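As provided, target_27.cif (mmCIF, C-alpha atoms and all ligand atoms) reads as follows.
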```
data_protein
loop_
_atom_site.label_atom_id
_atom_site.label_comp_id
_atom_site.auth_asym_id
_atom_site.auth_seq_id
_atom_site.Cartn_x
_atom_site.Cartn_y
_atom_site.Cartn_z
CA ASN Y 1 -2.00 -26.67 19.58
CA ALA Y 2 -2.29 -23.88 17.09
CA THR Y 3 0.75 -21.75 16.29
CA VAL Y 4 -0.75 -18.35 15.52
CA LEU Y 5 -3.73 -16.49 16.97
CA THR Y 6 -5.38 -13.58 15.21
CA PHE Y 7 -8.25 -11.58 16.71
CA GLY Y 8 -10.53 -8.86 15.34
CA ASP Y 9 -14.01 -7.84 14.22
CA PRO Y 10 -15.29 -10.10 11.42
CA LEU Y 11 -17.62 -8.86 8.73
CA ILE Y 12 -19.64 -10.01 5.79
CA VAL Y 13 -18.66 -8.27 2.56
CA LEU Y 14 -21.20 -7.81 -0.20
CA VAL Y 15 -19.40 -7.60 -3.51
CA PRO Y 16 -21.42 -6.04 -6.37
CA SER Y 17 -21.74 -8.07 -9.51
CA ALA Y 18 -20.98 -5.02 -11.67
CA ARG Y 19 -19.30 -1.63 -11.56
CA GLY Y 20 -21.46 1.37 -10.77
CA LYS Y 21 -22.99 3.21 -7.85
CA LEU Y 22 -24.59 0.94 -5.32
CA GLU Y 23 -28.01 2.47 -5.81
CA TYR Y 24 -27.99 0.99 -9.31
CA VAL Y 25 -26.48 -2.38 -8.45
CA ARG Y 26 -28.95 -5.21 -8.02
CA ASP Y 27 -26.84 -8.26 -7.36
CA PHE Y 28 -24.22 -8.94 -4.72
CA ARG Y 29 -22.17 -11.91 -3.66
CA ALA Y 30 -21.63 -12.40 0.08
CA TYR Y 31 -18.35 -13.54 1.62
CA ALA Y 32 -16.82 -13.58 5.07
CA ALA Y 33 -14.25 -10.82 5.61
CA GLY Y 34 -12.44 -8.77 8.23
CA ALA Y 35 -8.72 -8.13 8.25
CA GLU Y 36 -7.73 -10.58 11.00
CA LEU Y 37 -10.11 -13.29 9.79
CA ASN Y 38 -8.50 -12.97 6.37
CA THR Y 39 -5.04 -13.39 7.87
CA ALA Y 40 -6.11 -16.46 9.88
CA ILE Y 41 -7.49 -18.07 6.72
CA GLY Y 42 -4.35 -17.11 4.81
CA LEU Y 43 -2.23 -18.83 7.45
CA ALA Y 44 -4.37 -21.97 7.46
CA ARG Y 45 -4.06 -22.20 3.67
CA LEU Y 46 -0.28 -22.05 4.10
CA ASP Y 47 -0.48 -25.02 6.50
CA ILE Y 48 0.20 -22.92 9.60
CA PRO Y 49 -2.13 -23.99 12.43
CA ALA Y 50 -4.13 -20.83 13.09
CA SER Y 51 -6.78 -19.79 15.60
CA TYR Y 52 -9.13 -16.86 15.29
CA ALA Y 53 -10.85 -15.12 18.20
CA ALA Y 54 -13.88 -12.86 17.86
CA ALA Y 55 -17.47 -12.29 18.86
CA ILE Y 56 -19.88 -12.84 15.98
CA GLY Y 57 -23.57 -12.24 15.36
CA ASP Y 58 -26.25 -14.74 16.18
CA ASP Y 59 -27.76 -14.50 12.71
CA PRO Y 60 -27.37 -16.19 9.32
CA PHE Y 61 -24.32 -14.03 8.55
CA GLY Y 62 -22.71 -15.11 11.83
CA ASN Y 63 -23.39 -18.70 10.79
CA LEU Y 64 -21.71 -18.00 7.44
CA ILE Y 65 -18.62 -16.58 9.17
CA TYR Y 66 -18.43 -19.54 11.55
CA ARG Y 67 -18.91 -22.11 8.81
CA GLU Y 68 -16.34 -20.48 6.58
CA LEU Y 69 -13.69 -20.44 9.33
CA ARG Y 70 -14.22 -24.10 9.97
CA ALA Y 71 -14.26 -24.98 6.27
CA GLU Y 72 -10.90 -23.23 5.89
CA GLY Y 73 -9.43 -25.17 8.79
CA VAL Y 74 -9.13 -22.28 11.25
CA ASP Y 75 -9.45 -23.20 14.94
CA SER Y 76 -12.63 -21.38 16.06
CA ARG Y 77 -12.77 -22.37 19.73
CA HIS Y 78 -12.49 -18.72 20.68
CA VAL Y 79 -15.23 -17.49 18.34
CA ALA Y 80 -18.37 -16.72 20.36
CA GLN Y 81 -21.75 -16.31 18.76
CA VAL Y 82 -23.53 -13.69 20.88
CA PRO Y 83 -27.27 -14.33 21.37
CA GLY Y 84 -29.55 -11.73 19.82
CA MET Y 85 -26.79 -9.76 18.13
CA GLN Y 86 -26.23 -8.86 14.49
CA SER Y 87 -23.13 -9.36 12.36
CA GLY Y 88 -21.39 -6.37 10.84
CA ILE Y 89 -21.52 -6.06 7.08
CA PHE Y 90 -19.94 -3.85 4.46
CA PHE Y 91 -20.42 -3.22 0.77
CA LYS Y 92 -17.80 -2.55 -1.86
CA GLN Y 93 -18.53 -0.09 -4.65
CA TRP Y 94 -16.52 0.25 -7.83
CA SER Y 95 -17.45 3.46 -9.54
CA GLY Y 96 -15.95 6.40 -11.36
CA LEU Y 97 -12.31 6.27 -12.32
CA GLU Y 98 -11.00 4.61 -9.20
CA GLN Y 99 -9.19 1.29 -9.39
CA ASP Y 100 -9.83 0.46 -5.72
CA PRO Y 101 -13.37 0.13 -4.41
CA SER Y 102 -14.86 2.43 -1.79
CA VAL Y 103 -16.46 0.71 1.16
CA PHE Y 104 -19.67 1.36 3.08
CA TYR Y 105 -19.79 -0.07 6.60
CA TYR Y 106 -22.86 -1.25 8.48
CA ARG Y 107 -21.01 -2.53 11.51
CA SER Y 108 -21.92 -0.30 14.45
CA GLN Y 109 -24.20 -3.00 15.91
CA SER Y 110 -21.73 -5.86 15.70
CA PRO Y 111 -20.93 -7.58 19.02
CA MET Y 112 -17.38 -6.24 18.98
CA ALA Y 113 -18.52 -2.70 18.15
CA LEU Y 114 -20.92 -2.88 21.10
CA GLY Y 115 -18.33 -4.34 23.47
CA ALA Y 116 -20.02 -7.75 23.76
CA TRP Y 117 -16.73 -9.63 23.51
CA GLY Y 118 -15.57 -11.59 26.54
CA THR Y 119 -11.83 -12.29 26.56
CA GLU Y 120 -11.36 -14.26 29.78
CA SER Y 121 -10.90 -17.69 28.21
CA LEU Y 122 -8.67 -16.14 25.57
CA ARG Y 123 -6.48 -14.61 28.27
CA ASP Y 124 -6.25 -18.00 29.99
CA ALA Y 125 -5.26 -19.68 26.73
CA ILE Y 126 -2.60 -17.04 26.00
CA SER Y 127 -1.26 -17.42 29.55
CA ALA Y 128 -1.14 -21.21 29.06
CA GLY Y 129 1.24 -20.68 26.12
CA THR Y 130 -1.19 -21.87 23.44
CA TRP Y 131 0.25 -19.63 20.70
CA GLN Y 132 3.75 -18.63 19.70
CA TRP Y 133 2.55 -15.63 17.69
CA VAL Y 134 -0.42 -13.29 18.09
CA HIS Y 135 -1.60 -10.89 15.37
CA THR Y 136 -4.18 -8.14 15.25
CA THR Y 137 -4.74 -4.79 13.53
CA GLY Y 138 -5.69 -1.24 14.42
CA ILE Y 139 -9.27 -1.86 13.27
CA THR Y 140 -9.84 -3.95 16.39
CA PHE Y 141 -8.91 -0.91 18.48
CA MET Y 142 -11.13 1.52 16.60
CA VAL Y 143 -14.28 -0.51 16.14
CA GLY Y 144 -15.53 0.01 19.69
CA GLN Y 145 -14.03 1.43 22.86
CA GLU Y 146 -14.40 -1.62 25.11
CA THR Y 147 -13.11 -3.97 22.44
CA GLY Y 148 -10.14 -1.63 22.05
CA GLU Y 149 -9.42 -1.72 25.78
CA ARG Y 150 -9.66 -5.51 25.90
CA SER Y 151 -7.42 -5.81 22.86
CA LEU Y 152 -4.83 -3.61 24.54
CA GLU Y 153 -4.98 -5.84 27.63
CA LEU Y 154 -4.36 -8.87 25.39
CA LEU Y 155 -1.32 -7.26 23.79
CA LYS Y 156 -0.01 -6.29 27.22
CA LEU Y 157 -0.43 -9.87 28.37
CA CYS Y 158 1.49 -11.17 25.34
CA HIS Y 159 4.19 -8.59 25.99
CA SER Y 160 4.54 -9.67 29.63
CA LEU Y 161 4.80 -13.33 28.55
CA SER Y 162 7.20 -12.60 25.66
CA VAL Y 163 4.73 -13.98 23.11
CA VAL Y 164 5.62 -12.43 19.74
CA THR Y 165 2.97 -10.05 18.39
CA SER Y 166 2.47 -8.38 15.04
CA PHE Y 167 0.30 -5.35 14.65
CA ASP Y 168 -0.83 -3.88 11.33
CA VAL Y 169 -2.22 -0.38 11.82
CA ASN Y 170 -4.74 -0.86 8.95
CA VAL Y 171 -6.03 2.71 8.98
CA ARG Y 172 -9.72 3.00 8.03
CA LEU Y 173 -10.63 6.67 7.98
CA LYS Y 174 -14.32 5.80 7.84
CA LEU Y 175 -13.92 4.52 11.42
CA ALA Y 176 -12.07 7.54 12.86
CA GLY Y 177 -9.98 10.56 11.88
CA ILE Y 178 -6.19 10.27 11.58
CA ASP Y 179 -5.54 11.97 14.94
CA LYS Y 180 -7.41 9.20 16.71
CA TRP Y 181 -5.34 6.58 14.88
CA ARG Y 182 -2.18 8.37 16.03
CA ALA Y 183 -3.43 8.45 19.63
CA MET Y 184 -4.26 4.74 19.46
CA LEU Y 185 -0.78 3.96 18.10
CA ARG Y 186 0.90 5.76 20.98
CA ARG Y 187 -0.96 3.46 23.37
CA VAL Y 188 -0.46 0.22 21.44
CA LEU Y 189 3.08 0.44 20.02
CA PRO Y 190 4.87 -0.09 23.38
CA TYR Y 191 3.46 -3.63 23.51
CA VAL Y 192 4.01 -4.97 20.00
CA THR Y 193 6.97 -6.89 18.57
CA TRP Y 194 6.48 -6.13 14.88
CA PHE Y 195 4.79 -3.04 13.50
CA MET Y 196 3.36 -3.34 10.00
CA LEU Y 197 1.80 -0.71 7.78
CA GLY Y 198 1.23 0.44 4.22
CA ASP Y 199 3.11 3.34 2.64
CA ASP Y 200 -0.01 5.50 2.21
CA GLU Y 201 -0.83 4.98 5.87
CA ALA Y 202 2.74 5.91 6.78
CA LYS Y 203 2.44 9.15 4.84
CA ARG Y 204 -0.80 10.00 6.64
CA LEU Y 205 0.37 9.01 10.10
CA PHE Y 206 4.01 10.12 10.05
CA GLU Y 207 4.36 12.27 6.94
CA THR Y 208 7.09 9.99 5.59
CA LYS Y 209 7.34 6.82 3.53
CA SER Y 210 10.87 6.05 4.70
CA VAL Y 211 10.85 2.84 6.70
CA VAL Y 212 13.88 3.91 8.75
CA ALA Y 213 12.22 7.22 9.62
CA ILE Y 214 9.01 5.36 10.53
CA GLU Y 215 10.93 3.08 12.88
CA THR Y 216 12.58 6.11 14.48
CA ILE Y 217 9.23 7.82 15.09
CA ALA Y 218 7.65 4.58 16.34
CA ARG Y 219 10.48 4.22 18.87
CA GLU Y 220 9.91 7.81 19.97
CA TRP Y 221 6.30 6.78 20.54
CA GLY Y 222 7.34 3.92 22.81
CA PHE Y 223 7.86 1.05 20.36
CA GLN Y 224 10.43 -1.37 21.81
CA GLY Y 225 9.83 -4.27 19.41
CA SER Y 226 11.96 -5.90 16.72
CA GLY Y 227 11.18 -3.77 13.70
CA VAL Y 228 8.84 -2.26 11.13
CA VAL Y 229 7.55 -3.85 7.91
CA LEU Y 230 6.33 -1.39 5.26
CA LYS Y 231 4.05 -2.58 2.46
CA GLN Y 232 4.42 -0.54 -0.73
CA GLY Y 233 1.90 -2.21 -3.03
CA ALA Y 234 3.19 -2.37 -6.59
CA ASP Y 235 6.63 -1.25 -5.32
CA GLY Y 236 7.17 -4.29 -3.09
CA SER Y 237 7.97 -4.05 0.60
CA CYS Y 238 10.79 -3.16 2.95
CA ALA Y 239 11.63 -3.53 6.61
CA SER Y 240 13.73 -1.70 9.14
CA VAL Y 241 15.23 -3.51 12.12
CA GLY Y 242 17.21 -1.09 14.24
CA GLY Y 243 17.77 1.02 11.13
CA VAL Y 244 19.04 -1.92 9.04
CA THR Y 245 16.83 -2.26 5.97
CA THR Y 246 15.65 -5.26 3.95
CA VAL Y 247 14.07 -4.59 0.56
CA VAL Y 248 11.98 -7.10 -1.37
CA PRO Y 249 10.65 -6.46 -4.90
CA PRO Y 250 6.97 -6.95 -5.76
CA ARG Y 251 5.62 -10.00 -7.55
CA PRO Y 252 4.13 -8.87 -10.86
CA VAL Y 253 0.43 -9.58 -11.40
CA LYS Y 254 -1.03 -9.72 -14.92
CA GLN Y 255 -4.54 -8.61 -14.05
CA ILE Y 256 -5.48 -6.77 -10.89
CA VAL Y 257 -9.07 -7.50 -9.86
CA ASP Y 258 -9.26 -6.01 -6.36
CA THR Y 259 -6.50 -5.02 -3.95
CA VAL Y 260 -8.67 -5.22 -0.79
CA GLY Y 261 -7.40 -8.13 1.30
CA ALA Y 262 -3.91 -8.03 -0.20
CA GLY Y 263 -2.38 -6.52 2.92
CA ASP Y 264 -3.94 -9.20 5.13
CA GLY Y 265 -2.65 -11.86 2.74
CA TYR Y 266 0.80 -10.27 2.87
CA ASN Y 267 0.65 -10.48 6.66
CA ALA Y 268 -0.34 -14.16 6.50
CA GLY Y 269 2.56 -14.97 4.19
CA TRP Y 270 5.02 -13.01 6.28
CA ILE Y 271 3.93 -14.55 9.59
CA ALA Y 272 3.97 -18.02 7.99
CA GLY Y 273 7.61 -17.53 6.99
CA MET Y 274 8.60 -16.08 10.36
CA VAL Y 275 7.01 -18.89 12.41
CA ARG Y 276 8.74 -21.41 10.14
CA GLY Y 277 12.00 -19.78 11.22
CA TRP Y 278 12.78 -18.23 7.81
CA SER Y 279 14.84 -15.07 7.42
CA LEU Y 280 13.08 -11.72 7.33
CA ALA Y 281 13.80 -11.35 3.59
CA ARG Y 282 12.48 -14.79 2.67
CA SER Y 283 9.38 -14.27 4.82
CA MET Y 284 8.79 -10.99 2.97
CA GLU Y 285 9.14 -12.79 -0.36
CA LEU Y 286 6.49 -15.29 0.64
CA ALA Y 287 4.37 -12.38 1.85
CA SER Y 288 4.64 -10.60 -1.53
CA LEU Y 289 3.66 -13.75 -3.30
CA VAL Y 290 0.52 -14.21 -1.19
CA GLY Y 291 -0.32 -10.50 -1.67
CA ALA Y 292 -0.01 -10.97 -5.44
CA TYR Y 293 -2.36 -13.94 -5.41
CA ALA Y 294 -4.82 -11.94 -3.27
CA ILE Y 295 -5.41 -9.22 -5.85
CA THR Y 296 -6.51 -11.67 -8.52
CA ASP Y 297 -9.91 -12.14 -6.83
CA ALA Y 298 -12.79 -9.84 -5.87
CA SER Y 299 -13.42 -11.32 -2.43
CA ASP Y 300 -10.95 -10.62 0.38
CA TYR Y 301 -9.27 -14.02 0.73
CA GLY Y 302 -10.67 -16.00 -2.21
CA GLY Y 303 -7.40 -15.62 -4.11
CA TYR Y 304 -5.07 -16.60 -1.26
CA PRO Y 305 -2.89 -19.54 -2.30
CA ARG Y 306 -2.33 -22.89 -0.68
CA TRP Y 307 1.09 -23.90 0.52
CA GLN Y 308 1.75 -26.26 -2.41
CA GLU Y 309 1.13 -23.43 -4.89
CA VAL Y 310 3.51 -20.95 -3.25
CA ALA Y 311 6.15 -23.56 -2.55
CA ARG Y 312 6.22 -24.24 -6.28
CA ASP Y 313 6.33 -20.50 -7.12
CA LEU Y 314 9.07 -19.75 -4.59
CA GLU Y 315 11.23 -22.41 -6.16
CA GLY Y 316 10.50 -21.02 -9.64
CA GLY Y 317 8.78 -24.21 -10.76
CA VAL Y 318 6.48 -24.44 -13.76
CA ASP Y 319 2.76 -24.99 -13.40
CA VAL Y 320 1.42 -27.75 -15.61
CA SER Y 321 -2.07 -26.50 -16.39
CA ARG Y 322 -2.98 -28.82 -19.25
O1 LIG Y 401 -8.31 -5.69 4.65
C1 LIG Y 401 -9.61 -6.05 4.29
C2 LIG Y 401 -10.52 -5.48 5.29
O2 LIG Y 401 -10.40 -4.10 5.27
C3 LIG Y 401 -11.93 -5.84 5.06
O3 LIG Y 401 -12.14 -7.21 5.14
C4 LIG Y 401 -12.86 -5.15 6.01
O4 LIG Y 401 -11.80 -5.58 8.09
C5 LIG Y 401 -12.30 -4.81 7.31
C6 LIG Y 401 -12.37 -3.42 7.66
O5 LIG Y 401 -12.57 -3.18 8.83
O6 LIG Y 401 -12.22 -2.56 6.82
#
```

The structure given in the file should be rewritten as structure tokens.
Amino acid sequence: NATVLTFGDPLIVLVPSARGKLEYVRDFRAYAAGAELNTAIGLARLDIPASYAAAIGDDPFGNLIYRELRAEGVDSRHVAQVPGMQSGIFFKQWSGLEQDPSVFYYRSQSPMALGAWGTESLRDAISAGTWQWVHTTGITFMVGQETGERSLELLKLCHSLSVVTSFDVNVRLKLAGIDKWRAMLRRVLPYVTWFMLGDDEAKRLFETKSVVAIETIAREWGFQGSGVVLKQGADGSCASVGGVTTVVPPRPVKQIVDTVGAGDGYNAGWIAGMVRGWSLARSMELASLVGAYAITDASDYGGYPRWQEVARDLEGGVDVSR
């Protein structure tokens, strides 16, 4: 049996070989991506048995996603390839003065955007107690209305069975305006155990970056779970559990290549610690470490570490490289 389930809309990311506007870029490298897929792969690399559930395209990109999940050791029993449908893709663009790339989505025809995602067998497996932890993000709720409704049903089911859930809001303004993200949160928060978000998202959603204030607002919006984890990028992360805070410093990174995928890696590290029964603080330390590894690579999860690597780093060991 797997330990953790993640579910969400997978994508193919096309990463340009050079900086510049996409109309001038000729070469791209293709990788599997998608926030929840990234987290499932991150967990598997940390030796946590992980399952991923999604509907994928019946095309070469769907094949790539499926193959990649299996190659990374993620249980893909609940990944359905939908006949005749296309996978969602997105492009990154590094241009101008920005450090972070902008993204261009071509995902409106993906099976999950179109609502072609059947969740019956997934519901049965959750009811049978297959997973001790279930994770998803706000993207799954905003990618298509039916997929959002089914995702909410899944979280409600977990809630009724006392299966722990983590939910990262993962705001993508190219999918919907901030008011719609707030409305979604008011529906979803009552059913999640852990609420995770980034500090820029917090500012947009709640007009504060204080984790205690965020927890207070979330509880006003119906959140009854354990607590809130706030990711602050280069400033580390903090958590609020009933107003009691835990603060963890960042892990320094010598050269930042691309921060996309760091938050999903953080989530993988954090969940890995929590399901191992570690304290909140130690789980957040592992999370920061995975997030730091993530930003050393241009693909989403290419930089995520394996368990042996982080175990060595957590203990302050020295890498023998030659
Ligand atoms: O966190 C990385 C994701 O944002 C990326 O893989 C694409 O899931 C994605 C999305 O919807 O933006």

May I have the residues within 7 Å of region 245-254 of chain Y as a PDB file with C-alpha atoms, in the coordinates of the input, using all atoms listed in the file and disregarding those fewer than 3 positions away in the same chain?
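What follows is the written file selection24.pdb:
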```pdb
ATOM      1  CA  ALA Y 234       3.190  -2.370  -6.590  1.00  0.00           C
ATOM      2  CA  ASP Y 235       6.630  -1.250  -5.320  1.00  0.00           C
ATOM      3  CA  GLY Y 236       7.170  -4.290  -3.090  1.00  0.00           C
ATOM      4  CA  SER Y 237       7.970  -4.050   0.600  1.00  0.00           C
ATOM      5  CA  CYS Y 238      10.790  -3.160   2.950  1.00  0.00           C
ATOM      6  CA  ALA Y 239      11.630  -3.530   6.610  1.00  0.00           C
ATOM      7  CA  SER Y 240      13.730  -1.700   9.140  1.00  0.00           C
ATOM      8  CA  VAL Y 241      15.230  -3.510  12.120  1.00  0.00           C
ATOM      9  CA  ALA Y 281      13.800 -11.350   3.590  1.00  0.00           C
ATOM     10  CA  MET Y 284       8.790 -10.990   2.970  1.00  0.00           C
ATOM     11  CA  GLU Y 285       9.140 -12.790  -0.360  1.00  0.00           C
ATOM     12  CA  SER Y 288       4.640 -10.600  -1.530  1.00  0.00           C
ATOM     13  CA  LEU Y 289       3.660 -13.750  -3.300  1.00  0.00           C
ATOM     14  CA  ALA Y 292      -0.010 -10.970  -5.440  1.00  0.00           C
TER      15      ALA Y 292
END
```

Nearest-residue call for ligand LIG 401 (chain Y), choices Y:Lys231, Y:Arg282, Y:Lys203, Y:Arg172, using only C-alpha atoms and all ligand atoms: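 Answer, going by the shortest atom-to-atom distance: Y:Arg172.
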
Distance query Ala125 (chain Y) at most 12 Å, all atoms listed in the file, self and fewer than 2 positions along chain excluded, as number ranges by chain: Y: 1-2, 5, 51, 53, 77-78, 119-123, 127-132, 134, 154, 157-158

Distance criterion (all atoms listed in the file): nearest to ligand LIG 401 (chain Y) out of Y:Ile126, Y:Leu280, Y:Val169, Y:Met85: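 Closest residue, counting all atoms listed in the file: Y:Val169.
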
Produce a table with one row for each residue of chain Y that has an atom at most 10 Å from any atom of ligand LIG 401 (chain Y), each row naming the nearest atom pair and its distance in Å at one decimal; use only C-alpha atoms and all ligand atoms; arrange rows by chain and rising residue number; format as JSON lines.
```
{"residue": "Y:Gly8", "atom": "CA", "partner": "Y:LIG401", "partner_atom": "O4", "distance": 8.1}
{"residue": "Y:Asp9", "atom": "CA", "partner": "Y:LIG401", "partner_atom": "O4", "distance": 6.9}
{"residue": "Y:Pro10", "atom": "CA", "partner": "Y:LIG401", "partner_atom": "O4", "distance": 6.6}
{"residue": "Y:Leu11", "atom": "CA", "partner": "Y:LIG401", "partner_atom": "C4", "distance": 6.6}
{"residue": "Y:Ile12", "atom": "CA", "partner": "Y:LIG401", "partner_atom": "O3", "distance": 8.0}
{"residue": "Y:Val13", "atom": "CA", "partner": "Y:LIG401", "partner_atom": "O3", "distance": 7.1}
{"residue": "Y:Tyr31", "atom": "CA", "partner": "Y:LIG401", "partner_atom": "O3", "distance": 9.5}
{"residue": "Y:Ala32", "atom": "CA", "partner": "Y:LIG401", "partner_atom": "O3", "distance": 7.9}
{"residue": "Y:Ala33", "atom": "CA", "partner": "Y:LIG401", "partner_atom": "O3", "distance": 4.2}
{"residue": "Y:Gly34", "atom": "CA", "partner": "Y:LIG401", "partner_atom": "O4", "distance": 3.3}
{"residue": "Y:Ala35", "atom": "CA", "partner": "Y:LIG401", "partner_atom": "O4", "distance": 4.0}
{"residue": "Y:Glu36", "atom": "CA", "partner": "Y:LIG401", "partner_atom": "O4", "distance": 7.1}
{"residue": "Y:Leu37", "atom": "CA", "partner": "Y:LIG401", "partner_atom": "O3", "distance": 7.9}
{"residue": "Y:Asn38", "atom": "CA", "partner": "Y:LIG401", "partner_atom": "O3", "distance": 6.9}
{"residue": "Y:Thr39", "atom": "CA", "partner": "Y:LIG401", "partner_atom": "O1", "distance": 9.0}
{"residue": "Y:Gly88", "atom": "CA", "partner": "Y:LIG401", "partner_atom": "O5", "distance": 9.6}
{"residue": "Y:Ile89", "atom": "CA", "partner": "Y:LIG401", "partner_atom": "C4", "distance": 8.8}
{"residue": "Y:Phe90", "atom": "CA", "partner": "Y:LIG401", "partner_atom": "C4", "distance": 7.4}
{"residue": "Y:Phe91", "atom": "CA", "partner": "Y:LIG401", "partner_atom": "C4", "distance": 9.4}
{"residue": "Y:Lys92", "atom": "CA", "partner": "Y:LIG401", "partner_atom": "C4", "distance": 9.6}
{"residue": "Y:Val103", "atom": "CA", "partner": "Y:LIG401", "partner_atom": "O6", "distance": 7.8}
{"residue": "Y:Phe104", "atom": "CA", "partner": "Y:LIG401", "partner_atom": "O6", "distance": 9.2}
{"residue": "Y:Tyr105", "atom": "CA", "partner": "Y:LIG401", "partner_atom": "O6", "distance": 8.0}
{"residue": "Y:Arg107", "atom": "CA", "partner": "Y:LIG401", "partner_atom": "O5", "distance": 8.9}
{"residue": "Y:Thr137", "atom": "CA", "partner": "Y:LIG401", "partner_atom": "O4", "distance": 8.9}
{"residue": "Y:Gly138", "atom": "CA", "partner": "Y:LIG401", "partner_atom": "O5", "distance": 9.1}
{"residue": "Y:Ile139", "atom": "CA", "partner": "Y:LIG401", "partner_atom": "O5", "distance": 5.7}
{"residue": "Y:Thr140", "atom": "CA", "partner": "Y:LIG401", "partner_atom": "O5", "distance": 8.1}
{"residue": "Y:Met142", "atom": "CA", "partner": "Y:LIG401", "partner_atom": "O5", "distance": 9.2}
{"residue": "Y:Val143", "atom": "CA", "partner": "Y:LIG401", "partner_atom": "O5", "distance": 8.0}
{"residue": "Y:Asn170", "atom": "CA", "partner": "Y:LIG401", "partner_atom": "O1", "distance": 7.4}
{"residue": "Y:Val171", "atom": "CA", "partner": "Y:LIG401", "partner_atom": "O6", "distance": 8.4}
{"residue": "Y:Arg172", "atom": "CA", "partner": "Y:LIG401", "partner_atom": "O6", "distance": 6.2}
{"residue": "Y:Leu173", "atom": "CA", "partner": "Y:LIG401", "partner_atom": "O6", "distance": 9.4}
{"residue": "Y:Lys174", "atom": "CA", "partner": "Y:LIG401", "partner_atom": "O6", "distance": 8.7}
{"residue": "Y:Leu175", "atom": "CA", "partner": "Y:LIG401", "partner_atom": "O5", "distance": 8.2}
{"residue": "Y:Thr259", "atom": "CA", "partner": "Y:LIG401", "partner_atom": "O1", "distance": 8.8}
{"residue": "Y:Val260", "atom": "CA", "partner": "Y:LIG401", "partner_atom": "C1", "distance": 5.2}
{"residue": "Y:Gly261", "atom": "CA", "partner": "Y:LIG401", "partner_atom": "O1", "distance": 4.2}
{"residue": "Y:Ala262", "atom": "CA", "partner": "Y:LIG401", "partner_atom": "O1", "distance": 7.0}
{"residue": "Y:Gly263", "atom": "CA", "partner": "Y:LIG401", "partner_atom": "O1", "distance": 6.2}
{"residue": "Y:Asp264", "atom": "CA", "partner": "Y:LIG401", "partner_atom": "O1", "distance": 5.6}
{"residue": "Y:Gly265", "atom": "CA", "partner": "Y:LIG401", "partner_atom": "O1", "distance": 8.6}
{"residue": "Y:Ser299", "atom": "CA", "partner": "Y:LIG401", "partner_atom": "O3", "distance": 8.7}
{"residue": "Y:Asp300", "atom": "CA", "partner": "Y:LIG401", "partner_atom": "O3", "distance": 6.0}
{"residue": "Y:Tyr301", "atom": "CA", "partner": "Y:LIG401", "partner_atom": "O3", "distance": 8.6}
```

For CA of Glu23 (chain Y) and CA of Gly62 (chain Y), the interatomic separation in Å (one decimal): 25.5 Å

Point-to-point distance from CA of Pro16 (chain Y) to CA of Ser76 (chain Y), Å rounded to tenths: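 Value for the CA of Pro16 (chain Y)-CA of Ser76 (chain Y) distance: 28.6 Å.
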
Residue among Y:Gly277, Y:Pro49, Y:Gly242, Y:Gly177 lying closest to Trp194 (chain Y), counting all atoms listed in the file: Y:Gly242

Exercise: Phe28 (chain Y) partners within 7 Å, all atoms listed in the file, chain neighbours under 6 positions left out, as an MDAnalysis selection string: chainID Y and resid 14:17

Would you export the selected residues with C-alpha atoms as a compact mmCIF listing (two decimals), in the frame of the given file, please?
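Heads up, here's the output in result26.txt:
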```
# COMPACT_ATOMS: atom_id res chain seq x y z
CA LEU Y 14 -21.20 -7.81 -0.20
CA VAL Y 15 -19.40 -7.60 -3.51
CA PRO Y 16 -21.42 -6.04 -6.37
CA SER Y 17 -21.74 -8.07 -9.51
```

Would you give the centre and edge lengths, in Å to one decimal, of a box along x, y and z around the listed atoms of region 148-161 of chain Y, with 6 Å added to each side, as AutoDock Vina command-line options?
```
--center_x -2.7 --center_y -7.5 --center_z 25.8 --size_x 26.9 --size_y 23.7 --size_z 19.6
```

Separation of CA of Gly269 (chain Y) from CA of Val74 (chain Y) in Å: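 The value is 15.5 Å.
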
Y:Ala50, Y:Arg204, Y:Ser210, Y:Ser166 ranked by distance to Ser226 (chain Y), top pick (using only C-alpha atoms):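 Answer, going by the shortest atom-to-atom distance: Y:Ser166.
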
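Between Gly227 (chain Y) and the candidates Y:Arg276, Y:Phe167, Y:Leu22, Y:Asp200, the tightest atom-to-atom separation, counting only C-alpha atoms, involves Y:Phe167.
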
Selection: 9 Å around Pro83 (chain Y), all atoms listed in the file, excl. self and same-chain fewer than 5 positions, as a list in words: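 Contacts, with the query itself left out: Gly57, Asp58 and Asp59 of chain Y.
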
Distance criterion (all atoms listed in the file): nearest to Glu201 (chain Y) out of Y:Gln232, Y:Ser95, Y:Gln145, Y:Gln86: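 Answer, going by the shortest atom-to-atom distance: Y:Gln232.
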
Non-local contacts of Val257 (chain Y) (6 Å; all atoms listed in the file; under 3 positions in same chain excluded) as a PyMOL selection string: chain Y and resi 295-298

Identify the residues within 6 Å of coordinate (7.3, -2.9, 8.6) (same frame as the file), considering all atoms listed in the file, and give the answer as a PDB file with C-alpha atoms, keeping the file's coordinate frame.
```
ATOM      1  CA  PHE Y 195       4.790  -3.040  13.500  1.00  0.00           C
ATOM      2  CA  MET Y 196       3.360  -3.340  10.000  1.00  0.00           C
ATOM      3  CA  LEU Y 197       1.800  -0.710   7.780  1.00  0.00           C
ATOM      4  CA  VAL Y 228       8.840  -2.260  11.130  1.00  0.00           C
ATOM      5  CA  VAL Y 229       7.550  -3.850   7.910  1.00  0.00           C
ATOM      6  CA  LEU Y 230       6.330  -1.390   5.260  1.00  0.00           C
ATOM      7  CA  ALA Y 239      11.630  -3.530   6.610  1.00  0.00           C
TER       8      ALA Y 239
END
```
